[in-house]
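Student: The structure under discussion is supplied below as structure tokens; questions concerning it will follow.
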Amino acid sequence: MASPTPAFVSHCVELLQPLGSVRSKRMFGGWGLYVDEIFIAIVAFDRLYLKVNDGTRPAFEAEGCEPFVYDSKTGSVALGYWTAPADALDSPALMQPWARRALQAALAARAAKPAAAARKRAPKAAAKRAPAR
């Protein structure tokens, strides 16, 4: 039987709902949050972390937000997720600018993936086409 969704995760889902259809998924001891099937947030350690990129990170830094960091066998690992500003957790209206930044960062990351994957495949494909000598 699946464990119930913690109240904080449910609250975060409600905060993000104005952006679209939101679902939560249990993962790695925390939760992943998706808006219209786009992964934009992590809930871990009773904190909401939103997706950032180079274009959106400065706004999070200016608000005193903190990066999601975890310890691995090789040291600390920082991911592209930062805490939401504390006041943004008060209402969906206050969360919207931050959630939109997270969605923007997630969409940009998604758009970059096919190009990166194509670059990785290109040398292999070229090697297959090259005539044997």
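Convention: chains lettered A, B, ... in structure tokens order; per-chain residue numbering from 1; ligands numbered from 1 as shown.
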Which residues are close to A:Arg57, i.e. within 12 Å by only C-alpha atoms, leaving aside same-chain residues fewer than 5 positions away? Reply as a PyMOL selection string.

Tutor: chain A and resi 50-52+62-67+79-84+98+101-102+104-105

Student: Would you give me, as a PyMOL selection string, the residues in chain A that DSSP reads as helix (DSSP H, G or I)?

Tutor: chain A and resi 7-19+57-62+86-90+92-129

Student: How many Å separate atom CA of A:Asn53 from atom CA of A:Pro6?

Tutor: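 Between atom CA of A:Asn53 and atom CA of A:Pro6 the gap works out to 27.9 Å.
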
Student: Would you compute the distance between atom CA of A:Pro92 and atom CA of A:Phe28? Give it in Å to one decimal.

Tutor: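 Between atom CA of A:Pro92 and atom CA of A:Phe28 the gap works out to 26.2 Å.
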
Student: Looking at only C-alpha atoms, which of A:Ala99, A:Val22, A:Val13, A:Val35 is the one that sits closest to A:Pro85?

Tutor: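 Nearest to A:Pro85: A:Ala99.
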
Student: Please return as a ChimeraX atom specification: the residues of stretch 1-132 of chain A that backbone DSSP assigns to strand (DSSP E).

Tutor: /A:22-27,30-35,38-44,47-51,67-72,75-83

Student: Given the selection you just returned, output its residues as a file containing N, CA and C atoms, formatted as an mmCIF file, in the first residue's frame.

Tutor:
```cif
data_model
loop_
_atom_site.group_PDB
_atom_site.id
_atom_site.type_symbol
_atom_site.label_atom_id
_atom_site.label_comp_id
_atom_site.auth_asym_id
_atom_site.auth_seq_id
_atom_site.Cartn_x
_atom_site.Cartn_y
_atom_site.Cartn_z
ATOM 1 N N VAL A 22 -0.880 19.282 -12.189
ATOM 2 C CA VAL A 22 0.269 18.974 -11.338
ATOM 3 C C VAL A 22 0.127 17.574 -10.767
ATOM 4 N N ARG A 23 1.229 16.838 -10.801
ATOM 5 C CA ARG A 23 1.251 15.532 -10.135
ATOM 6 C C ARG A 23 2.539 15.403 -9.343
ATOM 7 N N SER A 24 2.475 14.599 -8.291
ATOM 8 C CA SER A 24 3.658 14.342 -7.475
ATOM 9 C C SER A 24 4.037 12.875 -7.621
ATOM 10 N N LYS A 25 5.329 12.627 -7.507
ATOM 11 C CA LYS A 25 5.839 11.257 -7.619
ATOM 12 C C LYS A 25 6.934 11.067 -6.576
ATOM 13 N N ARG A 26 6.807 10.006 -5.808
ATOM 14 C CA ARG A 26 7.795 9.683 -4.784
ATOM 15 C C ARG A 26 9.095 9.292 -5.460
ATOM 16 N N MET A 27 10.208 9.872 -5.014
ATOM 17 C CA MET A 27 11.502 9.519 -5.587
ATOM 18 C C MET A 27 12.646 9.854 -4.637
ATOM 19 N N GLY A 30 12.333 11.679 -1.411
ATOM 20 C CA GLY A 30 11.597 12.940 -1.488
ATOM 21 C C GLY A 30 10.479 12.791 -2.498
ATOM 22 N N TRP A 31 10.104 13.889 -3.107
ATOM 23 C CA TRP A 31 9.029 13.903 -4.100
ATOM 24 C C TRP A 31 9.452 14.745 -5.290
ATOM 25 N N GLY A 32 9.035 14.337 -6.470
ATOM 26 C CA GLY A 32 9.198 15.140 -7.668
ATOM 27 C C GLY A 32 7.848 15.726 -8.029
ATOM 28 N N LEU A 33 7.829 16.953 -8.493
ATOM 29 C CA LEU A 33 6.582 17.610 -8.895
ATOM 30 C C LEU A 33 6.647 17.927 -10.382
ATOM 31 N N TYR A 34 5.598 17.560 -11.081
ATOM 32 C CA TYR A 34 5.491 17.752 -12.518
ATOM 33 C C TYR A 34 4.319 18.670 -12.817
ATOM 34 N N VAL A 35 4.516 19.600 -13.753
ATOM 35 C CA VAL A 35 3.428 20.422 -14.271
ATOM 36 C C VAL A 35 3.276 20.051 -15.736
ATOM 37 N N ILE A 38 6.024 17.972 -17.035
ATOM 38 C CA ILE A 38 7.356 18.570 -17.077
ATOM 39 C C ILE A 38 7.860 18.672 -15.644
ATOM 40 N N PHE A 39 8.998 18.060 -15.368
ATOM 41 C CA PHE A 39 9.561 18.001 -14.017
ATOM 42 C C PHE A 39 10.124 19.374 -13.653
ATOM 43 N N ILE A 40 9.511 20.041 -12.663
ATOM 44 C CA ILE A 40 9.953 21.391 -12.322
ATOM 45 C C ILE A 40 10.369 21.581 -10.863
ATOM 46 N N ALA A 41 10.122 20.597 -9.993
ATOM 47 C CA ALA A 41 10.407 20.839 -8.580
ATOM 48 C C ALA A 41 10.687 19.542 -7.833
ATOM 49 N N ILE A 42 11.399 19.710 -6.731
ATOM 50 C CA ILE A 42 11.694 18.623 -5.797
ATOM 51 C C ILE A 42 11.208 19.059 -4.421
ATOM 52 N N VAL A 43 10.586 18.157 -3.698
ATOM 53 C CA VAL A 43 10.271 18.392 -2.292
ATOM 54 C C VAL A 43 11.126 17.421 -1.501
ATOM 55 N N ALA A 44 12.028 17.977 -0.687
ATOM 56 C CA ALA A 44 12.922 17.154 0.136
ATOM 57 C C ALA A 44 13.231 17.928 1.413
ATOM 58 N N ARG A 47 11.246 21.033 2.284
ATOM 59 C CA ARG A 47 11.492 22.267 1.543
ATOM 60 C C ARG A 47 11.121 22.042 0.080
ATOM 61 N N LEU A 48 10.646 23.095 -0.563
ATOM 62 C CA LEU A 48 10.336 23.059 -1.989
ATOM 63 C C LEU A 48 11.509 23.653 -2.756
ATOM 64 N N TYR A 49 12.051 22.879 -3.685
ATOM 65 C CA TYR A 49 13.151 23.318 -4.540
ATOM 66 C C TYR A 49 12.631 23.409 -5.970
ATOM 67 N N LEU A 50 12.845 24.552 -6.606
ATOM 68 C CA LEU A 50 12.383 24.777 -7.972
ATOM 69 C C LEU A 50 13.549 24.724 -8.952
ATOM 70 N N LYS A 51 13.278 24.240 -10.158
ATOM 71 C CA LYS A 51 14.286 24.146 -11.221
ATOM 72 C C LYS A 51 14.795 25.531 -11.585
ATOM 73 N N PRO A 67 20.552 26.464 -2.772
ATOM 74 C CA PRO A 67 20.543 25.338 -3.712
ATOM 75 C C PRO A 67 20.260 24.007 -3.016
ATOM 76 N N PHE A 68 19.713 23.078 -3.785
ATOM 77 C CA PHE A 68 19.547 21.710 -3.306
ATOM 78 C C PHE A 68 20.905 21.040 -3.428
ATOM 79 N N VAL A 69 21.433 20.558 -2.307
ATOM 80 C CA VAL A 69 22.738 19.906 -2.262
ATOM 81 C C VAL A 69 22.593 18.622 -1.467
ATOM 82 N N TYR A 70 23.230 17.567 -1.960
ATOM 83 C CA TYR A 70 23.245 16.329 -1.185
ATOM 84 C C TYR A 70 24.661 15.780 -1.159
ATOM 85 N N ASP A 71 24.931 14.930 -0.180
ATOM 86 C CA ASP A 71 26.255 14.333 -0.033
ATOM 87 C C ASP A 71 26.305 13.000 -0.743
ATOM 88 N N SER A 72 27.368 12.808 -1.509
ATOM 89 C CA SER A 72 27.605 11.528 -2.168
ATOM 90 C C SER A 72 28.930 10.970 -1.662
ATOM 91 N N GLY A 75 31.636 13.499 -2.412
ATOM 92 C CA GLY A 75 31.504 14.864 -1.897
ATOM 93 C C GLY A 75 30.113 15.422 -2.101
ATOM 94 N N SER A 76 29.975 16.707 -1.905
ATOM 95 C CA SER A 76 28.675 17.364 -2.050
ATOM 96 C C SER A 76 28.341 17.544 -3.530
ATOM 97 N N VAL A 77 27.065 17.342 -3.846
ATOM 98 C CA VAL A 77 26.584 17.491 -5.211
ATOM 99 C C VAL A 77 25.444 18.508 -5.204
ATOM 100 N N ALA A 78 25.584 19.551 -6.018
ATOM 101 C CA ALA A 78 24.536 20.568 -6.149
ATOM 102 C C ALA A 78 23.799 20.318 -7.460
ATOM 103 N N LEU A 79 22.491 20.319 -7.391
ATOM 104 C CA LEU A 79 21.670 20.149 -8.585
ATOM 105 C C LEU A 79 21.098 21.499 -8.983
ATOM 106 N N GLY A 80 20.449 21.558 -10.108
ATOM 107 C CA GLY A 80 19.875 22.802 -10.608
ATOM 108 C C GLY A 80 18.521 23.115 -10.015
ATOM 109 N N TYR A 81 18.388 23.000 -8.698
ATOM 110 C CA TYR A 81 17.140 23.292 -7.990
ATOM 111 C C TYR A 81 17.466 24.158 -6.784
ATOM 112 N N TRP A 82 16.656 25.200 -6.591
ATOM 113 C CA TRP A 82 16.850 26.123 -5.468
ATOM 114 C C TRP A 82 15.550 26.260 -4.701
ATOM 115 N N THR A 83 15.661 26.571 -3.416
ATOM 116 C CA THR A 83 14.466 26.753 -2.603
ATOM 117 C C THR A 83 13.635 27.910 -3.147
#
```

Student: Between atom CA of A:Thr74 and atom CA of A:Gly29, what is the distance in Å, rounded to a tenth?

Tutor: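 If I compute the distance from atom CA of A:Thr74 to atom CA of A:Gly29, I get 19.7 Å.
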
Student: Using only C-alpha atoms, find the one residue out of A:Leu89, A:Phe45, A:Asp54, A:Leu107 that sits nearest to A:His11.

Tutor: A:Leu89
